[in-house]
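Listing of work.csv; format and content: CSV, C-alpha atoms.
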```csv
chain,number,residue,atom,x,y,z
A,23,MET,CA,-11.6,67.8,145.5
A,24,ARG,CA,-12.4,68.0,141.8
A,25,PHE,CA,-14.2,71.3,142.2
A,26,CYS,CA,-11.3,72.7,144.2
A,27,LYS,CA,-8.8,71.9,141.4
A,28,LEU,CA,-11.1,73.4,138.7
A,29,LEU,CA,-11.6,76.5,140.9
A,30,PHE,CA,-7.8,76.8,141.2
A,31,VAL,CA,-7.2,76.5,137.5
A,32,GLY,CA,-10.0,78.7,136.3
A,33,CYS,CA,-10.2,81.2,139.1
A,34,LEU,CA,-8.6,84.2,137.4
A,35,SER,CA,-10.5,83.9,134.1
A,36,LEU,CA,-13.8,83.5,136.0
A,37,ILE,CA,-13.2,86.5,138.2
A,38,SER,CA,-12.6,88.5,135.1
A,39,LEU,CA,-15.9,87.2,133.6
A,40,ALA,CA,-17.8,87.9,136.7
A,41,SER,CA,-16.4,91.4,137.1
A,42,HIS,CA,-17.3,92.5,133.5
A,43,ALA,CA,-20.4,90.5,132.6
A,44,GLU,CA,-23.7,92.4,132.8
A,45,ASN,CA,-26.9,90.5,132.7
A,46,LEU,CA,-28.6,93.8,131.8
A,47,LYS,CA,-26.6,95.4,129.0
A,48,GLY,CA,-26.4,99.2,128.6
A,49,LEU,CA,-27.1,99.8,132.3
A,50,TYR,CA,-25.0,103.0,132.3
A,51,GLN,CA,-26.2,104.4,128.9
A,52,VAL,CA,-29.2,106.7,128.9
A,53,ARG,CA,-31.1,108.1,125.9
A,54,GLU,CA,-33.2,111.2,126.4
A,55,PRO,CA,-35.3,112.9,123.7
A,56,VAL,CA,-34.2,116.4,122.7
A,57,ASN,CA,-35.6,119.2,120.6
A,58,GLY,CA,-32.5,120.2,118.6
A,59,GLN,CA,-28.8,120.4,119.7
A,60,ALA,CA,-28.7,123.9,121.3
A,61,PRO,CA,-26.5,124.0,124.4
A,62,GLU,CA,-29.4,124.8,126.7
A,63,GLU,CA,-31.4,121.8,125.3
A,64,ARG,CA,-28.3,119.6,125.7
A,65,ASP,CA,-27.9,120.7,129.3
A,66,ARG,CA,-31.6,120.0,130.0
A,67,ALA,CA,-31.4,116.5,128.5
A,68,THR,CA,-28.1,115.8,130.4
A,69,GLN,CA,-29.8,116.6,133.7
A,70,ALA,CA,-32.8,114.4,132.7
A,71,ALA,CA,-30.4,111.6,131.8
A,72,LEU,CA,-28.6,111.9,135.2
A,73,ASP,CA,-32.0,111.7,137.0
A,74,THR,CA,-33.0,108.6,134.9
A,75,LEU,CA,-29.7,106.9,135.7
A,76,VAL,CA,-29.8,107.6,139.5
A,77,LEU,CA,-33.4,106.2,139.6
A,78,ARG,CA,-32.4,103.2,137.5
A,79,LEU,CA,-29.5,102.4,139.8
A,80,THR,CA,-31.2,102.9,143.1
A,81,GLY,CA,-34.9,102.4,142.5
A,82,ASP,CA,-35.6,105.3,144.9
A,83,PRO,CA,-37.7,108.1,143.4
A,84,LYS,CA,-36.2,110.5,146.0
A,85,ALA,CA,-32.6,109.6,145.2
A,86,PRO,CA,-32.1,112.1,142.3
A,87,GLN,CA,-32.6,115.0,144.7
A,88,ASN,CA,-30.3,113.6,147.4
A,89,PRO,CA,-28.2,116.5,148.8
A,90,GLY,CA,-25.1,114.3,148.5
A,91,LEU,CA,-25.4,114.5,144.7
A,92,ALA,CA,-25.5,118.3,144.5
A,93,ALA,CA,-21.9,118.5,143.1
A,94,ILE,CA,-22.7,115.9,140.4
A,95,ARG,CA,-25.9,117.6,139.4
A,96,LYS,CA,-24.0,120.9,139.1
A,97,ASP,CA,-21.4,119.3,136.9
A,98,PRO,CA,-22.5,115.9,135.5
A,99,GLN,CA,-19.4,115.7,133.2
A,100,GLN,CA,-17.6,114.3,136.3
A,101,ILE,CA,-19.2,111.0,135.7
A,102,ILE,CA,-19.9,111.0,131.9
A,103,SER,CA,-17.5,109.1,129.6
A,104,GLN,CA,-19.0,110.2,126.3
A,105,PHE,CA,-22.2,111.6,124.8
A,106,GLY,CA,-23.6,112.3,121.3
A,107,PHE,CA,-26.8,112.9,119.4
A,108,ASP,CA,-28.7,110.2,117.4
A,109,ALA,CA,-30.9,111.4,114.6
A,110,GLY,CA,-34.6,110.4,115.0
A,111,PRO,CA,-37.3,110.5,114.9
A,112,PRO,CA,-37.2,111.3,117.7
A,113,GLU,CA,-33.8,112.9,118.1
A,114,VAL,CA,-32.1,111.8,121.3
A,115,LEU,CA,-29.1,112.7,123.4
A,116,LYS,CA,-27.2,109.5,124.2
A,117,VAL,CA,-25.2,109.7,127.4
A,118,ASP,CA,-22.7,107.1,128.5
A,119,PHE,CA,-21.9,107.3,132.2
A,120,ASP,CA,-18.7,105.8,133.7
A,121,PRO,CA,-19.7,102.9,136.0
A,122,ALA,CA,-16.9,103.2,138.5
A,123,THR,CA,-17.1,107.0,139.1
A,124,THR,CA,-20.9,106.9,139.1
A,125,GLU,CA,-21.1,104.2,141.7
A,126,GLN,CA,-18.5,106.0,143.8
A,127,ALA,CA,-20.6,109.2,143.7
A,128,LEU,CA,-23.8,107.3,144.7
A,129,ARG,CA,-22.1,105.5,147.6
A,130,ARG,CA,-20.6,108.8,148.8
A,131,ALA,CA,-24.1,110.2,148.9
A,132,GLY,CA,-25.2,107.3,151.1
A,133,LEU,CA,-27.1,105.5,148.3
A,134,SER,CA,-27.0,101.8,147.5
A,135,VAL,CA,-26.7,100.5,144.0
A,136,TRP,CA,-28.9,97.9,142.3
A,137,GLY,CA,-26.5,95.7,140.3
A,138,ALA,CA,-26.9,94.5,136.7
A,139,SER,CA,-28.1,91.1,137.7
A,140,ARG,CA,-31.8,91.8,137.7
A,141,PRO,CA,-34.9,89.5,137.5
A,142,SER,CA,-36.0,88.8,133.9
A,143,ILE,CA,-39.6,89.8,133.3
A,144,LEU,CA,-42.0,88.2,130.9
A,145,SER,CA,-44.7,90.7,129.9
A,146,TRP,CA,-48.1,89.7,128.7
A,147,TRP,CA,-49.3,93.0,127.3
A,148,LEU,CA,-52.7,93.5,125.7
A,149,ASN,CA,-53.5,96.8,123.9
A,150,ASP,CA,-57.1,97.9,123.3
A,151,SER,CA,-57.4,100.8,120.9
A,152,THR,CA,-59.8,102.1,118.3
A,153,GLU,CA,-58.1,99.8,115.8
A,154,GLY,CA,-59.0,96.7,117.9
A,155,SER,CA,-57.4,94.5,120.6
A,156,SER,CA,-54.0,92.9,120.1
A,157,LEU,CA,-51.5,90.9,122.3
A,158,VAL,CA,-48.0,92.4,121.9
A,159,GLY,CA,-45.6,89.7,120.7
A,160,ASP,CA,-41.8,89.6,120.2
A,161,GLY,CA,-40.9,91.0,116.8
A,162,GLN,CA,-44.0,93.1,116.4
A,163,ALA,CA,-43.8,96.8,115.8
A,164,ALA,CA,-45.9,97.3,119.0
A,165,ALA,CA,-43.0,95.7,121.0
A,166,ALA,CA,-40.7,98.6,120.3
A,167,PRO,CA,-42.1,101.1,122.9
A,168,LEU,CA,-42.1,98.3,125.5
A,169,ARG,CA,-38.5,97.4,124.9
A,170,THR,CA,-37.5,101.1,124.9
A,171,ALA,CA,-39.3,101.7,128.2
A,172,ALA,CA,-37.8,98.6,129.8
A,173,GLN,CA,-34.3,99.6,128.8
A,174,HIS,CA,-35.0,103.2,130.0
A,175,ARG,CA,-36.0,102.0,133.4
A,176,GLY,CA,-33.4,99.2,133.7
A,177,LEU,CA,-35.5,96.1,133.4
A,178,PRO,CA,-34.7,92.9,131.4
A,179,LEU,CA,-37.9,92.4,129.4
A,180,ARG,CA,-39.0,89.4,127.5
A,181,LEU,CA,-42.1,89.2,125.3
A,182,PRO,CA,-44.1,86.1,124.2
A,183,LEU,CA,-44.5,85.0,120.6
A,184,ALA,CA,-48.2,86.0,120.9
A,185,ASP,CA,-49.3,83.0,118.7
A,186,LEU,CA,-52.9,81.9,118.5
A,187,SER,CA,-52.7,79.6,121.5
A,188,GLU,CA,-51.3,82.4,123.6
A,189,GLN,CA,-53.8,84.9,122.4
A,190,LEU,CA,-56.6,82.6,123.7
A,191,VAL,CA,-54.9,82.5,127.1
A,192,ALA,CA,-53.8,86.2,127.6
A,193,THR,CA,-57.3,87.7,127.5
A,194,ALA,CA,-58.4,90.9,129.3
A,195,PRO,CA,-60.0,89.1,132.2
A,196,ALA,CA,-56.8,86.9,132.7
A,197,LEU,CA,-54.5,90.0,132.6
A,198,GLU,CA,-56.6,92.0,135.0
A,199,GLY,CA,-57.2,89.1,137.4
A,200,THR,CA,-55.4,88.6,140.6
A,201,ASP,CA,-54.6,84.9,140.0
A,202,PRO,CA,-51.6,84.2,137.7
A,203,ALA,CA,-52.5,80.6,137.2
A,204,PRO,CA,-54.0,81.1,133.7
A,205,LEU,CA,-50.8,82.6,132.5
A,206,ARG,CA,-48.3,80.3,134.3
A,207,GLY,CA,-48.5,77.4,131.9
A,208,ALA,CA,-48.0,79.6,128.8
A,209,SER,CA,-45.1,81.3,130.5
A,210,GLU,CA,-43.1,78.2,131.4
A,211,ARG,CA,-41.3,78.0,128.1
A,212,TYR,CA,-39.9,81.5,128.4
A,213,ASN,CA,-38.1,80.7,131.7
A,214,ALA,CA,-38.4,84.2,133.2
A,215,ASP,CA,-38.1,85.2,136.8
A,216,ALA,CA,-41.1,87.5,137.0
A,217,LEU,CA,-44.5,87.6,135.3
A,218,LEU,CA,-46.0,91.0,134.3
A,219,ALA,CA,-49.6,91.2,133.0
A,220,VAL,CA,-50.7,94.5,131.5
A,221,HIS,CA,-54.0,95.6,130.0
A,222,ALA,CA,-53.7,99.0,128.3
A,223,ARG,CA,-56.6,100.8,126.8
A,224,GLU,CA,-57.0,104.0,124.7
A,225,GLU,CA,-59.9,106.2,125.8
A,226,GLY,CA,-60.5,109.7,124.6
A,227,GLY,CA,-57.1,110.1,123.1
A,228,GLN,CA,-55.3,109.1,126.3
A,229,TRP,CA,-53.9,105.7,127.4
A,230,GLN,CA,-54.3,104.0,130.7
A,231,ALA,CA,-53.1,100.6,131.9
A,232,LYS,CA,-53.6,98.2,134.8
A,233,TRP,CA,-50.7,96.0,135.7
A,234,HIS,CA,-50.0,93.0,137.9
A,235,LEU,CA,-46.5,91.7,138.7
A,236,TRP,CA,-45.6,88.3,140.3
A,237,LEU,CA,-42.1,87.5,141.5
A,238,GLY,CA,-41.9,84.3,143.5
A,239,ASP,CA,-44.7,84.4,146.1
A,240,GLN,CA,-44.9,88.2,146.1
A,241,LYS,CA,-47.4,90.2,144.1
A,242,GLU,CA,-47.5,93.9,143.1
A,243,ALA,CA,-50.2,95.8,141.2
A,244,GLY,CA,-51.1,99.3,140.0
A,245,SER,CA,-52.5,101.5,137.3
A,246,VAL,CA,-50.9,104.3,135.2
A,247,GLN,CA,-51.8,106.8,132.5
A,248,GLY,CA,-50.0,108.3,129.6
A,249,VAL,CA,-50.6,110.5,126.5
A,250,ASP,CA,-49.6,107.6,124.1
A,251,GLN,CA,-48.4,104.0,124.1
A,252,ALA,CA,-44.8,105.0,124.7
A,253,ALA,CA,-45.7,107.1,127.7
A,254,VAL,CA,-47.9,104.5,129.3
A,255,ALA,CA,-45.2,101.8,128.7
A,256,ASP,CA,-42.6,104.0,130.4
A,257,ALA,CA,-45.0,104.6,133.3
A,258,VAL,CA,-45.6,100.9,133.8
A,259,MET,CA,-41.9,100.0,133.7
A,260,LEU,CA,-41.0,102.8,136.1
A,261,ALA,CA,-43.7,101.6,138.6
A,262,VAL,CA,-42.4,98.0,138.3
A,263,ALA,CA,-38.8,99.0,138.8
A,264,GLU,CA,-39.7,101.0,141.9
A,265,ARG,CA,-41.6,98.0,143.4
A,266,LEU,CA,-38.8,95.5,142.6
A,267,ALA,CA,-35.8,97.6,143.8
A,268,PRO,CA,-36.5,97.3,147.6
A,269,ARG,CA,-36.1,93.6,147.3
A,270,PHE,CA,-32.6,93.8,145.8
A,271,VAL,CA,-31.2,97.2,147.1
A,272,ALA,CA,-30.3,97.3,150.8
A,273,LYS,CA,-30.8,100.5,152.7
A,274,PRO,CA,-27.5,102.1,153.7
A,275,GLY,CA,-26.4,101.0,157.2
A,276,ALA,CA,-29.2,98.4,157.4
A,277,SER,CA,-27.7,95.4,155.8
A,278,GLY,CA,-24.8,94.1,157.9
A,279,GLN,CA,-22.7,91.1,157.0
A,280,GLN,CA,-23.8,87.5,156.3
A,281,THR,CA,-22.0,84.2,156.1
A,282,LEU,CA,-23.3,82.4,153.0
A,283,GLU,CA,-22.8,78.7,152.3
A,284,VAL,CA,-23.7,77.2,148.9
A,285,GLN,CA,-23.6,73.5,148.1
A,286,GLY,CA,-23.5,71.7,144.8
A,287,MET,CA,-20.9,74.1,143.3
A,288,THR,CA,-19.4,73.5,139.9
A,289,LEU,CA,-17.2,75.8,137.7
A,290,GLU,CA,-20.3,77.1,135.9
A,291,HIS,CA,-22.1,77.7,139.2
A,292,TYR,CA,-19.1,79.6,140.6
A,293,ALA,CA,-19.1,82.1,137.7
A,294,ALA,CA,-22.9,82.6,137.9
A,295,LEU,CA,-22.8,83.1,141.7
A,296,LEU,CA,-20.0,85.7,141.5
A,297,ARG,CA,-22.1,87.7,139.0
A,298,LEU,CA,-25.1,87.6,141.4
A,299,LEU,CA,-23.1,88.5,144.5
A,300,GLU,CA,-20.7,91.0,143.1
A,301,PRO,CA,-22.8,94.1,144.3
A,302,PHE,CA,-22.6,92.8,147.8
A,303,GLY,CA,-18.8,92.9,148.4
A,304,VAL,CA,-18.5,89.1,148.2
A,305,ARG,CA,-15.4,87.6,149.7
A,306,LEU,CA,-14.4,83.9,149.6
A,307,GLN,CA,-14.0,82.3,153.0
A,308,SER,CA,-13.5,78.6,152.3
A,309,VAL,CA,-13.9,75.8,149.8
A,310,ASP,CA,-14.6,72.1,150.8
A,311,GLY,CA,-15.4,69.8,148.0
A,312,ASP,CA,-18.5,71.2,146.3
A,313,ARG,CA,-19.3,73.4,149.3
A,314,ILE,CA,-18.2,77.0,149.3
A,315,VAL,CA,-18.6,79.7,152.0
A,316,TYR,CA,-18.6,83.5,151.4
A,317,ARG,CA,-18.9,86.7,153.4
A,318,VAL,CA,-21.3,89.2,151.9
A,319,ASN,CA,-22.6,92.6,152.8
A,320,GLY,CA,-26.4,92.4,152.7
A,321,SER,CA,-29.5,91.5,154.6
A,322,ALA,CA,-30.8,88.0,154.8
A,323,ASP,CA,-33.9,88.9,152.8
A,324,GLN,CA,-31.8,90.6,150.2
A,325,MET,CA,-29.7,87.5,149.8
A,326,ARG,CA,-32.7,85.3,149.5
A,327,ALA,CA,-34.2,87.5,146.8
A,328,GLN,CA,-30.9,87.7,144.8
A,329,LEU,CA,-30.2,84.0,145.0
A,330,SER,CA,-33.8,83.2,143.9
A,331,LEU,CA,-32.8,84.6,140.5
A,332,ALA,CA,-30.5,81.5,140.1
A,333,LYS,CA,-33.2,79.2,141.4
A,334,LEU,CA,-31.1,78.1,144.5
A,335,GLN,CA,-32.9,76.3,147.2
A,336,GLU,CA,-32.5,77.4,150.8
A,337,LEU,CA,-31.4,74.8,153.4
A,338,PRO,CA,-32.3,74.7,157.1
A,339,ALA,CA,-29.8,76.4,159.5
A,340,GLU,CA,-27.0,74.2,160.5
A,341,THR,CA,-26.5,73.3,164.2
A,342,PRO,CA,-23.0,74.5,165.3
A,343,ALA,CA,-20.6,71.7,165.7
A,344,PRO,CA,-20.1,70.7,169.4
A,345,VAL,CA,-16.7,71.4,170.9
A,346,ALA,CA,-15.2,69.0,173.4
A,347,ALA,CA,-15.3,70.1,177.0
A,348,PRO,CA,-11.9,71.3,178.4
A,349,GLN,CA,-9.7,68.8,180.1
A,350,PRO,CA,-9.7,68.8,183.9
A,351,GLY,CA,-7.1,71.1,185.3
A,352,VAL,CA,-7.0,73.4,182.3
A,353,VAL,CA,-7.7,76.9,183.5
A,354,GLY,CA,-9.5,79.5,181.4
A,355,ALA,CA,-10.6,77.1,178.7
A,356,ALA,CA,-14.3,77.3,177.8
A,357,PRO,CA,-16.1,75.3,175.1
A,358,VAL,CA,-16.9,77.5,172.2
A,359,ALA,CA,-19.2,76.2,169.4
A,360,ALA,CA,-17.9,76.5,165.9
A,361,PRO,CA,-19.7,79.2,164.0
A,362,ALA,CA,-22.3,78.0,161.4
A,363,PRO,CA,-23.1,79.9,158.2
A,364,ALA,CA,-26.1,82.2,158.7
A,365,LEU,CA,-27.6,81.4,155.3
A,366,ARG,CA,-27.3,78.0,153.5
A,367,PHE,CA,-28.3,77.2,149.9
A,368,ARG,CA,-27.8,74.5,147.4
A,369,TRP,CA,-28.1,74.3,143.6
```

What is this file in structure tokens?
Amino acid sequence: MRFCKLLFVGCLSLISLASHAENLKGLYQVREPVNGQAPEERDRATQAALDTLVLRLTGDPKAPQNPGLAAIRKDPQQIISQFGFDAGPPEVLKVDFDPATTEQALRRAGLSVWGASRPSILSWWLNDSTEGSSLVGDGQAAAAPLRTAAQHRGLPLRLPLADLSEQLVATAPALEGTDPAPLRGASERYNADALLAVHAREEGGQWQAKWHLWLGDQKEAGSVQGVDQAAVADAVMLAVAERLAPRFVAKPGASGQQTLEVQGMTLEHYAALLRLLEPFGVRLQSVDGDRIVYRVNGSADQMRAQLSLAKLQELPAETPAPVAAPQPGVVGAAPVAAPAPALRFRW
């Protein structure tokens, strides 16, 4: 009963926190390079910013050309709250889109939205150039294009310290290998959800990179090219975002509803869970001690992927509680088993 009382006392403030907190800050702000502030250049950059935002929110490379967004593409000002120019170099157009009207436009077009609660990614990034080989560490100048690219593509990025011990671990063979074991130990202290290994090389004035991504028991890999470090960083982050999105964005009409039970709830867990489940139309069904039951709109696999971000452990399905047989002489009464939650987890 203690959790029930805490829930009652703190419910309003927690709902406010969950509704406004964003794990990934600046999700609805897009920065696009411009060549001056002429109206035609501003219009071009605004269209590019809209495409970037739609791809960032859906993870679908075809989404920006969705016919349902034709009116928004014709007049992006409908969903823009403010914009301005930032002096460079490079000079950029900074566009702030309104979250509510943007999401409404996407959903009217039949597109699902990837929320702000996204897996944190620890990147081991090794650059090989004519100046030598270097592991990109947090705080280095070489980290700037990686952070810019991650923000541009909507990914929460973390970088290691890149101290001597880590440089000995994050070698080219380790980063290009298919086994993450050599990097796991060095990654533990950063407590990230996903592990990204990138080996980028400069050859003939061009950059190319091989990347491997591990999230839970799933692995993704690929290779990209770019004219410089910034371009290759953006290409890597775009590829990673497009691979991750299907795990967290349900296809329209394919999700259905789920009953979700979570055990071991506390006030802190309640706030964190609401932030994770907010994109899925979460509705509270019942509270019993430290056990809480929700109704959510999403597939079972999507719920598993989303809850893995909070390190919840899935429990076996519960057998429906037996219902006593009807008494003799009672007509029309048939035993009906009490419904059990489709998905069960615990902290």

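Atom CA of Ala172 of chain A is positioned 24.5 Å from atom CA of Ala127 of chain A.
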
- Task: Excluding Ala67 of chain A and residues on its chain fewer than 3 positions from it, collect all residues at most 10 Å away from it, counting all atoms listed in the file, and give them as number ranges by chain.
- Result: A: 53-57, 59, 61-64, 70-73, 114-117

Using all atoms listed in the file, find each residue in segment 110-184 of chain A having at least one atom no more than 12 Å away from segment 299-308 of chain A; report its shortest atom-to-atom pair and that distance in Å (one decimal), rows by chain then rising number, as a Markdown table.
```
| residue | atom | partner | partner_atom | distance |
| --- | --- | --- | --- | --- |
| A:Glu125 | CA | A:Pro301 | CA | 10.6 |
| A:Arg129 | CA | A:Pro301 | CA | 11.9 |
| A:Ser134 | CA | A:Pro301 | CA | 9.3 |
| A:Val135 | CA | A:Pro301 | CA | 7.5 |
| A:Trp136 | CA | A:Pro301 | CA | 7.5 |
| A:Gly137 | CA | A:Pro301 | CA | 5.7 |
| A:Ala138 | CA | A:Pro301 | CA | 8.6 |
| A:Ser139 | CA | A:Leu299 | CA | 8.8 |
| A:Arg140 | CA | A:Pro301 | CA | 11.4 |
```

Create the file for the chosen residues now, containing C-alpha atoms and written as an mmCIF file, keeping the file's coordinate frame.
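Okay, selection_0.cif is ready:
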```cif
data_model
loop_
_atom_site.group_PDB
_atom_site.id
_atom_site.type_symbol
_atom_site.label_atom_id
_atom_site.label_comp_id
_atom_site.auth_asym_id
_atom_site.auth_seq_id
_atom_site.Cartn_x
_atom_site.Cartn_y
_atom_site.Cartn_z
ATOM 1 C CA GLU A 125 -21.100 104.200 141.700
ATOM 2 C CA ARG A 129 -22.100 105.500 147.600
ATOM 3 C CA SER A 134 -27.000 101.800 147.500
ATOM 4 C CA VAL A 135 -26.700 100.500 144.000
ATOM 5 C CA TRP A 136 -28.900 97.900 142.300
ATOM 6 C CA GLY A 137 -26.500 95.700 140.300
ATOM 7 C CA ALA A 138 -26.900 94.500 136.700
ATOM 8 C CA SER A 139 -28.100 91.100 137.700
ATOM 9 C CA ARG A 140 -31.800 91.800 137.700
#
```

- Item | Surrounding residues of segment 185-188 of chain A excluding itself and chain neighbours under 4 positions, 8 Å, all atoms listed in the file, as a PyMOL selection string | chain A and resi 159+192+208

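Take the candidates A:Thr193, A:Ser145, A:Gln335, A:Ser155 and check each one against Val258 of chain A using only C-alpha atoms; the shortest distance goes to A:Ser145.
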
- Item | Shell around Ala122 of chain A at 12 Å using only C-alpha atoms, local window under 2 positions removed, as a PyMOL selection string | chain A and resi 41-42+50+100-103+119-120+124-129+135

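When all atoms listed in the file are used to measure the gap to Lys84 of chain A, the shortest distance among A:Leu133, A:Ala253, A:Leu296, A:Ala196 belongs to A:Leu133.
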
- Item | Shortest interatomic distance to Gln51 of chain A - which of A:Ala194, A:Val262, A:Ala92, A:Leu79, counting all atoms listed in the file |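 Among the listed residues, the smallest separation from Gln51 of chain A belongs to A:Leu79.
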
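Atom CA of Ala252 of chain A is positioned 5.1 Å from atom CA of Pro167 of chain A.
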
- Query: Between atom CA of Pro178 of chain A and atom CA of Leu329 of chain A, what is the spacing in Å?
  - Reply: 16.9 Å

- Item | Point (-32.1, 89.1, 146.6) neighbourhood (7 Å, all atoms listed in the file) written as number ranges by chain | A: 269-270, 323-330

- Hey, what's within 9 Å of Val254 of chain A if we count only C-alpha atoms and toss same-chain stuff fewer than 6 positions away? As a count of residues only, please? 7
